[in-house]
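Reproduced below: entry.pdb, with PDB, C-alpha atoms.
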```pdb
ATOM      1  CA  SER A   1       4.705 -25.393 -39.969  1.00  0.00           C
ATOM      2  CA  ILE A   2       8.141 -23.811 -40.380  1.00  0.00           C
ATOM      3  CA  GLY A   3      10.513 -24.685 -37.534  1.00  0.00           C
ATOM      4  CA  ASN A   4       8.758 -23.564 -34.345  1.00  0.00           C
ATOM      5  CA  ARG A   5       6.419 -21.311 -36.283  1.00  0.00           C
ATOM      6  CA  ALA A   6       3.049 -22.394 -37.590  1.00  0.00           C
ATOM      7  CA  GLU A   7       1.698 -21.018 -40.834  1.00  0.00           C
ATOM      8  CA  TRP A   8      -1.943 -19.960 -40.699  1.00  0.00           C
ATOM      9  CA  ARG A   9      -4.540 -18.958 -43.237  1.00  0.00           C
ATOM     10  CA  ALA A  10      -6.350 -16.475 -41.100  1.00  0.00           C
ATOM     11  CA  ILE A  11      -8.684 -13.550 -40.665  1.00  0.00           C
ATOM     12  CA  ILE A  12      -7.175 -10.624 -38.766  1.00  0.00           C
ATOM     13  CA  ILE A  13      -9.654  -8.367 -36.978  1.00  0.00           C
ATOM     14  CA  PRO A  14      -8.306  -5.104 -35.539  1.00  0.00           C
ATOM     15  CA  THR A  15      -9.896  -4.296 -32.173  1.00  0.00           C
ATOM     16  CA  ASP A  16      -7.871  -1.178 -31.368  1.00  0.00           C
ATOM     17  CA  ILE A  17      -4.772   0.640 -32.563  1.00  0.00           C
ATOM     18  CA  SER A  18      -2.623  -1.712 -30.468  1.00  0.00           C
ATOM     19  CA  SER A  19      -4.532  -4.991 -30.602  1.00  0.00           C
ATOM     20  CA  PHE A  20      -6.085  -7.507 -32.941  1.00  0.00           C
ATOM     21  CA  VAL A  21      -7.615 -10.971 -33.069  1.00  0.00           C
ATOM     22  CA  VAL A  22      -6.370 -13.688 -35.409  1.00  0.00           C
ATOM     23  CA  ARG A  23      -8.808 -16.452 -36.374  1.00  0.00           C
ATOM     24  CA  ASN A  24      -7.432 -19.477 -38.228  1.00  0.00           C
ATOM     25  CA  THR A  25      -9.698 -20.405 -41.157  1.00  0.00           C
ATOM     26  CA  ASP A  26      -8.323 -23.939 -41.515  1.00  0.00           C
ATOM     27  CA  LYS A  27     -11.184 -26.256 -40.494  1.00  0.00           C
ATOM     28  CA  ASN A  28      -8.633 -28.919 -39.519  1.00  0.00           C
ATOM     29  CA  ALA A  29      -6.703 -26.677 -37.122  1.00  0.00           C
ATOM     30  CA  THR A  30      -6.562 -27.892 -33.546  1.00  0.00           C
ATOM     31  CA  ASP A  31      -7.997 -25.743 -30.755  1.00  0.00           C
ATOM     32  CA  SER A  32      -4.542 -24.447 -29.805  1.00  0.00           C
ATOM     33  CA  TYR A  33      -4.062 -23.178 -33.381  1.00  0.00           C
ATOM     34  CA  ARG A  34      -7.529 -21.723 -33.942  1.00  0.00           C
ATOM     35  CA  TYR A  35      -7.568 -18.334 -32.240  1.00  0.00           C
ATOM     36  CA  ARG A  36      -5.105 -15.727 -30.926  1.00  0.00           C
ATOM     37  CA  LYS A  37      -5.481 -12.305 -29.323  1.00  0.00           C
ATOM     38  CA  VAL A  38      -2.569  -9.905 -29.682  1.00  0.00           C
ATOM     39  CA  GLY A  39      -2.354  -6.887 -27.385  1.00  0.00           C
ATOM     40  CA  PRO A  40      -4.822  -5.829 -24.699  1.00  0.00           C
ATOM     41  CA  ILE A  41      -8.427  -7.020 -25.000  1.00  0.00           C
ATOM     42  CA  HIS A  42     -10.734  -4.328 -26.378  1.00  0.00           C
ATOM     43  CA  MET A  43     -14.398  -4.339 -27.277  1.00  0.00           C
ATOM     44  CA  PHE A  44     -14.971  -4.583 -31.011  1.00  0.00           C
ATOM     45  CA  ASN A  45     -17.057  -1.821 -32.613  1.00  0.00           C
ATOM     46  CA  ALA A  46     -17.782   0.033 -29.353  1.00  0.00           C
ATOM     47  CA  ALA A  47     -18.343   3.178 -31.442  1.00  0.00           C
ATOM     48  CA  ALA A  48     -21.756   1.725 -32.330  1.00  0.00           C
ATOM     49  CA  ILE A  49     -22.991   2.859 -28.903  1.00  0.00           C
ATOM     50  CA  GLU A  50     -22.973   6.461 -30.118  1.00  0.00           C
ATOM     51  CA  LYS A  51     -23.526   5.951 -33.851  1.00  0.00           C
ATOM     52  CA  ALA A  52     -26.064   3.154 -34.289  1.00  0.00           C
ATOM     53  CA  ASP A  53     -29.451   3.943 -35.792  1.00  0.00           C
ATOM     54  CA  LYS A  54     -30.979   0.617 -34.705  1.00  0.00           C
ATOM     55  CA  PRO A  55     -30.787  -1.663 -31.658  1.00  0.00           C
ATOM     56  CA  ILE A  56     -27.284  -2.931 -30.842  1.00  0.00           C
ATOM     57  CA  PHE A  57     -26.580  -6.603 -30.283  1.00  0.00           C
ATOM     58  CA  ILE A  58     -24.018  -7.341 -27.570  1.00  0.00           C
ATOM     59  CA  VAL A  59     -22.187 -10.577 -28.384  1.00  0.00           C
ATOM     60  CA  GLU A  60     -19.085 -12.326 -27.080  1.00  0.00           C
ATOM     61  CA  GLY A  61     -16.776 -12.676 -30.079  1.00  0.00           C
ATOM     62  CA  GLU A  62     -15.738 -10.470 -32.971  1.00  0.00           C
ATOM     63  CA  ILE A  63     -16.848 -13.064 -35.540  1.00  0.00           C
ATOM     64  CA  ASP A  64     -20.273 -13.104 -33.853  1.00  0.00           C
ATOM     65  CA  ALA A  65     -20.486  -9.309 -34.214  1.00  0.00           C
ATOM     66  CA  LEU A  66     -19.548  -9.541 -37.891  1.00  0.00           C
ATOM     67  CA  SER A  67     -22.188 -12.269 -38.311  1.00  0.00           C
ATOM     68  CA  ILE A  68     -24.879  -9.956 -36.895  1.00  0.00           C
ATOM     69  CA  VAL A  69     -23.737  -7.175 -39.235  1.00  0.00           C
ATOM     70  CA  GLU A  70     -23.849  -9.619 -42.179  1.00  0.00           C
ATOM     71  CA  ALA A  71     -27.439 -10.469 -41.150  1.00  0.00           C
ATOM     72  CA  GLY A  72     -28.421  -6.771 -41.213  1.00  0.00           C
ATOM     73  CA  GLY A  73     -27.897  -5.720 -37.615  1.00  0.00           C
ATOM     74  CA  GLU A  74     -25.513  -3.662 -35.523  1.00  0.00           C
ATOM     75  CA  ALA A  75     -23.256  -5.320 -32.952  1.00  0.00           C
ATOM     76  CA  ILE A  76     -20.530  -4.895 -30.387  1.00  0.00           C
ATOM     77  CA  ALA A  77     -18.307  -7.785 -29.318  1.00  0.00           C
ATOM     78  CA  LEU A  78     -17.065  -7.930 -25.755  1.00  0.00           C
ATOM     79  CA  GLY A  79     -13.927  -9.775 -26.878  1.00  0.00           C
ATOM     80  CA  SER A  80     -14.234 -11.799 -23.682  1.00  0.00           C
ATOM     81  CA  THR A  81     -16.882 -12.232 -21.023  1.00  0.00           C
ATOM     82  CA  ALA A  82     -14.231 -10.788 -18.696  1.00  0.00           C
ATOM     83  CA  CYS A  83     -14.978  -7.418 -20.363  1.00  0.00           C
ATOM     84  CA  ILE A  84     -18.492  -7.080 -18.948  1.00  0.00           C
ATOM     85  CA  ARG A  85     -17.328  -4.651 -16.253  1.00  0.00           C
ATOM     86  CA  LYS A  86     -15.401  -2.717 -18.892  1.00  0.00           C
ATOM     87  CA  LEU A  87     -18.575  -2.353 -20.985  1.00  0.00           C
ATOM     88  CA  LEU A  88     -20.608  -1.272 -17.954  1.00  0.00           C
ATOM     89  CA  LYS A  89     -18.000   1.372 -17.032  1.00  0.00           C
ATOM     90  CA  PHE A  90     -18.056   2.605 -20.636  1.00  0.00           C
ATOM     91  CA  LEU A  91     -21.868   2.798 -20.559  1.00  0.00           C
ATOM     92  CA  GLU A  92     -21.790   4.871 -17.378  1.00  0.00           C
ATOM     93  CA  ILE A  93     -20.095   7.578 -19.461  1.00  0.00           C
ATOM     94  CA  VAL A  94     -21.536   6.976 -22.932  1.00  0.00           C
ATOM     95  CA  LYS A  95     -25.266   6.223 -22.790  1.00  0.00           C
ATOM     96  CA  PRO A  96     -26.583   4.204 -25.742  1.00  0.00           C
ATOM     97  CA  GLN A  97     -29.092   5.931 -27.972  1.00  0.00           C
ATOM     98  CA  LYS A  98     -30.688   2.607 -28.956  1.00  0.00           C
ATOM     99  CA  LYS A  99     -31.830  -0.466 -27.052  1.00  0.00           C
ATOM    100  CA  LEU A 100     -29.168  -3.086 -26.323  1.00  0.00           C
ATOM    101  CA  ILE A 101     -29.924  -6.697 -27.215  1.00  0.00           C
ATOM    102  CA  LEU A 102     -27.960  -9.217 -25.157  1.00  0.00           C
ATOM    103  CA  PHE A 103     -27.063 -12.148 -27.396  1.00  0.00           C
ATOM    104  CA  LEU A 104     -24.110 -13.814 -25.704  1.00  0.00           C
ATOM    105  CA  ASP A 105     -23.262 -17.447 -26.368  1.00  0.00           C
ATOM    106  CA  ASN A 106     -25.998 -19.970 -25.667  1.00  0.00           C
ATOM    107  CA  ASP A 107     -23.912 -21.997 -23.218  1.00  0.00           C
ATOM    108  CA  GLU A 108     -23.471 -22.051 -19.448  1.00  0.00           C
ATOM    109  CA  SER A 109     -20.789 -19.343 -19.414  1.00  0.00           C
ATOM    110  CA  GLY A 110     -22.789 -17.162 -21.809  1.00  0.00           C
ATOM    111  CA  LYS A 111     -25.943 -17.474 -19.708  1.00  0.00           C
ATOM    112  CA  LYS A 112     -24.062 -16.545 -16.543  1.00  0.00           C
ATOM    113  CA  SER A 113     -22.459 -13.559 -18.287  1.00  0.00           C
ATOM    114  CA  THR A 114     -25.806 -12.471 -19.754  1.00  0.00           C
ATOM    115  CA  ASN A 115     -27.306 -12.459 -16.263  1.00  0.00           C
ATOM    116  CA  GLU A 116     -24.391 -10.398 -14.879  1.00  0.00           C
ATOM    117  CA  LEU A 117     -24.568  -7.919 -17.770  1.00  0.00           C
ATOM    118  CA  SER A 118     -28.347  -7.598 -17.541  1.00  0.00           C
ATOM    119  CA  LYS A 119     -28.152  -6.806 -13.816  1.00  0.00           C
ATOM    120  CA  GLY A 120     -25.523  -4.130 -14.514  1.00  0.00           C
ATOM    121  CA  LEU A 121     -27.603  -2.568 -17.291  1.00  0.00           C
ATOM    122  CA  TYR A 122     -30.672  -2.580 -15.056  1.00  0.00           C
ATOM    123  CA  ARG A 123     -28.651  -0.798 -12.350  1.00  0.00           C
ATOM    124  CA  LEU A 124     -27.578   1.824 -14.925  1.00  0.00           C
ATOM    125  CA  GLU A 125     -31.189   2.129 -16.135  1.00  0.00           C
ATOM    126  CA  ILE A 126     -30.178   1.203 -19.689  1.00  0.00           C
ATOM    127  CA  ASP A 127     -32.904  -0.203 -21.918  1.00  0.00           C
ATOM    128  CA  HIS A 128     -32.060  -3.765 -22.965  1.00  0.00           C
ATOM    129  CA  LYS A 129     -33.546  -7.108 -23.901  1.00  0.00           C
ATOM    130  CA  VAL A 130     -32.158 -10.608 -23.359  1.00  0.00           C
ATOM    131  CA  ILE A 131     -32.591 -12.991 -26.296  1.00  0.00           C
ATOM    132  CA  ALA A 132     -29.849 -15.598 -25.812  1.00  0.00           C
ATOM    133  CA  ASP A 133     -32.224 -18.575 -25.862  1.00  0.00           C
ATOM    134  CA  SER A 134     -34.067 -17.337 -28.949  1.00  0.00           C
ATOM    135  CA  ILE A 135     -32.122 -19.453 -31.440  1.00  0.00           C
ATOM    136  CA  ALA A 136     -31.019 -23.079 -31.421  1.00  0.00           C
ATOM    137  CA  TYR A 137     -27.345 -22.351 -32.087  1.00  0.00           C
ATOM    138  CA  LYS A 138     -24.390 -21.718 -29.768  1.00  0.00           C
ATOM    139  CA  ASP A 139     -23.761 -18.211 -31.086  1.00  0.00           C
ATOM    140  CA  ALA A 140     -24.490 -15.761 -33.888  1.00  0.00           C
ATOM    141  CA  ASN A 141     -21.758 -17.102 -36.159  1.00  0.00           C
ATOM    142  CA  GLN A 142     -22.983 -20.679 -35.896  1.00  0.00           C
ATOM    143  CA  ALA A 143     -26.494 -19.410 -36.710  1.00  0.00           C
ATOM    144  CA  LEU A 144     -25.181 -17.508 -39.746  1.00  0.00           C
ATOM    145  CA  VAL A 145     -23.233 -20.490 -41.072  1.00  0.00           C
ATOM    146  CA  ASN A 146     -26.095 -22.950 -40.563  1.00  0.00           C
ATOM    147  CA  ASP A 147     -29.135 -20.833 -41.447  1.00  0.00           C
ATOM    148  CA  LYS A 148     -28.406 -17.315 -42.686  1.00  0.00           C
ATOM    149  CA  ASN A 149     -32.027 -16.657 -43.692  1.00  0.00           C
ATOM    150  CA  SER A 150     -33.346 -17.442 -40.208  1.00  0.00           C
ATOM    151  CA  LEU A 151     -30.657 -15.308 -38.550  1.00  0.00           C
ATOM    152  CA  SER A 152     -31.404 -12.423 -40.928  1.00  0.00           C
ATOM    153  CA  SER A 153     -35.121 -12.702 -40.175  1.00  0.00           C
ATOM    154  CA  PHE A 154     -34.369 -12.863 -36.446  1.00  0.00           C
ATOM    155  CA  VAL A 155     -32.164  -9.743 -36.658  1.00  0.00           C
ATOM    156  CA  ARG A 156     -34.809  -7.856 -38.676  1.00  0.00           C
ATOM    157  CA  GLN A 157     -37.467  -8.698 -36.068  1.00  0.00           C
ATOM    158  CA  SER A 158     -35.109  -7.655 -33.260  1.00  0.00           C
ATOM    159  CA  ASN A 159     -34.391  -4.368 -35.027  1.00  0.00           C
ATOM    160  CA  ASN A 160     -38.111  -3.588 -34.658  1.00  0.00           C
ATOM    161  CA  ILE A 161     -38.034  -3.970 -30.861  1.00  0.00           C
TER     162      ILE A 161
END
```

Show me this structure written as structure tokens.
Amino acid sequence: SIGNRAEWRAIIIPTDISSFVVRNTDKNATDSYRYRKVGPIHMFNAAAIEKADKPIFIVEGEIDALSIVEAGGEAIALGSTACIRKLLKFLEIVKPQKKLILFLDNDESGKKSTNELSKGLYRLEIDHKVIADSIAYKDANQALVNDKNSLSSFVRQSNNI
């Protein structure tokens, strides 16, 4: 820490031309020094809706999306569960060419958000599958860190949906 400023070793993930997410990589960082969003919240990798050649995982965080990509899949991160309506509005205009796989966090908030998103996709008649309870981890990144082979196998099987 330098004066009022804290020094971070971090990953910076651009989410749009005017926004990015900063993720502290220090395992000892406290919660208040772990994660920052700068600029308006945007979905990460939304272009996959039009460009993907395999099913698209919808996850909560950018690191989760990168974890799915590392495991061989395609993913979009909401950036926040508050962006569900934003995604649904986007999908009213840009219809996905591939099935969407809902893989939000395996916690109470994630389950509630998955239900809300699934209802919206059903209303829009968009093909999707819910798989949140399919793994024993909180999210895709935790699955990647703890058992990359199982996550990769899971993603490969999901790509064949």

- Starting from the displayed file, determine the output of the PyMOL selection byres ((chain A and resi 159) around 10) and express the residue list as a VMD selection string. chain A and resid 53 to 57 72 to 74 98 to 99 101 153 to 158 160 to 161

- Message: Expand the PyMOL selection byres ((chain A and resi 113) around 12) into the explicit residue set it covers here, and present it as a PyMOL selection string.
- Response: chain A and resi 58-60+78+80-85+102-112+114-120+130+132

- Item | Residues within 12 Å of A:Lys148, all atoms listed in the file, excluding chain neighbours under 2 positions, as a ChimeraX atom specification | /A:67-72,137,140-146,150-155

- Can you list what the PyMOL selection byres ((chain A and resi 90) around 12) grabs from this structure, as a list in words?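 Output of the PyMOL selection byres ((chain A and resi 90) around 12): His42, Met43, Ala46, Ala47, Ile49, Glu50, Leu78, Cys83, Ile84, Arg85, Lys86, Leu87, Leu88, Lys89, Leu91, Glu92, Ile93, Val94, Lys95, Pro96, Gly120, Leu121 and Leu124 of chain A.
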
Please enclose the listed atoms of stretch 49-57 of chain A in an axis-aligned box, pad each side by 3 Å, and write out the centre and the three edge lengths in Å, rounded to one decimal, as JSON.
```
{"center_x": -27.0, "center_y": -0.1, "center_z": -32.3, "size_x": 14.0, "size_y": 19.1, "size_z": 12.9}
```

- Got a sec: who's within 12 Å of A:Ile17, counting all atoms listed in the file, leaving out chain neighbours fewer than 4 positions off, as an MDAnalysis selection string? chainID A and resid 13 21 38:42 44

- State, in Å with one decimal place, the distance from atom CA of A:Ile63 to atom CA of A:Lys129.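 We find that atom CA of A:Ile63 and atom CA of A:Lys129 lie 21.2 Å from each other.
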
- Task: Between atom CA of A:Arg23 and atom CA of A:Arg9, measure the distance and give it in Å to one decimal.
- Result: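 Computing the Euclidean distance for atom CA of A:Arg23 and atom CA of A:Arg9 yields 8.5 Å.
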
- Message: Env of A:Lys37: 12 Å cut, atoms = all atoms listed in the file, seq-sep filter 4 positions within chain, self excluded. Answer as a list in words.
- Response: Ile11, Ile12, Ile13, Pro14, Thr15, Asp16, Ser18, Ser19, Phe20, Val21, Val22, Arg23, Asn24, Tyr33, Ile41, His42, Gly61, Glu62, Gly79 and Ser80 of chain A

Export C-alpha atoms of the chosen residues as a PDB file, in the coordinates of the input?
```
ATOM      1  CA  ILE A  11      -8.684 -13.550 -40.665  1.00  0.00           C
ATOM      2  CA  ILE A  12      -7.175 -10.624 -38.766  1.00  0.00           C
ATOM      3  CA  ILE A  13      -9.654  -8.367 -36.978  1.00  0.00           C
ATOM      4  CA  PRO A  14      -8.306  -5.104 -35.539  1.00  0.00           C
ATOM      5  CA  THR A  15      -9.896  -4.296 -32.173  1.00  0.00           C
ATOM      6  CA  ASP A  16      -7.871  -1.178 -31.368  1.00  0.00           C
ATOM      7  CA  SER A  18      -2.623  -1.712 -30.468  1.00  0.00           C
ATOM      8  CA  SER A  19      -4.532  -4.991 -30.602  1.00  0.00           C
ATOM      9  CA  PHE A  20      -6.085  -7.507 -32.941  1.00  0.00           C
ATOM     10  CA  VAL A  21      -7.615 -10.971 -33.069  1.00  0.00           C
ATOM     11  CA  VAL A  22      -6.370 -13.688 -35.409  1.00  0.00           C
ATOM     12  CA  ARG A  23      -8.808 -16.452 -36.374  1.00  0.00           C
ATOM     13  CA  ASN A  24      -7.432 -19.477 -38.228  1.00  0.00           C
ATOM     14  CA  TYR A  33      -4.062 -23.178 -33.381  1.00  0.00           C
ATOM     15  CA  ILE A  41      -8.427  -7.020 -25.000  1.00  0.00           C
ATOM     16  CA  HIS A  42     -10.734  -4.328 -26.378  1.00  0.00           C
ATOM     17  CA  GLY A  61     -16.776 -12.676 -30.079  1.00  0.00           C
ATOM     18  CA  GLU A  62     -15.738 -10.470 -32.971  1.00  0.00           C
ATOM     19  CA  GLY A  79     -13.927  -9.775 -26.878  1.00  0.00           C
ATOM     20  CA  SER A  80     -14.234 -11.799 -23.682  1.00  0.00           C
TER      21      SER A  80
END
```

- atom CA of A:Arg123 and atom CA of A:Gln97 are how many Å apart? 17.0 Å

Quick one: everything within 12 Å of A:Glu7, counting all atoms listed in the file, minus sequence neighbours fewer than 6 positions away in the same chain. Send it as a compact mmCIF listing (two decimals) with C-alpha atoms, keeping the file's coordinate frame.
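So the final result, stored in out.txt, reads:
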```txt
# COMPACT_ATOMS: atom_id res chain seq x y z
CA SER A 1 4.70 -25.39 -39.97
CA ASN A 24 -7.43 -19.48 -38.23
CA THR A 25 -9.70 -20.40 -41.16
CA ASP A 26 -8.32 -23.94 -41.52
CA ALA A 29 -6.70 -26.68 -37.12
CA TYR A 33 -4.06 -23.18 -33.38
CA ARG A 34 -7.53 -21.72 -33.94
```

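Each of A:Asn45, A:Asn149, A:Lys51, A:Lys138 was compared to A:Leu66 using all atoms listed in the file, and A:Asn45 turns out to be the nearest.
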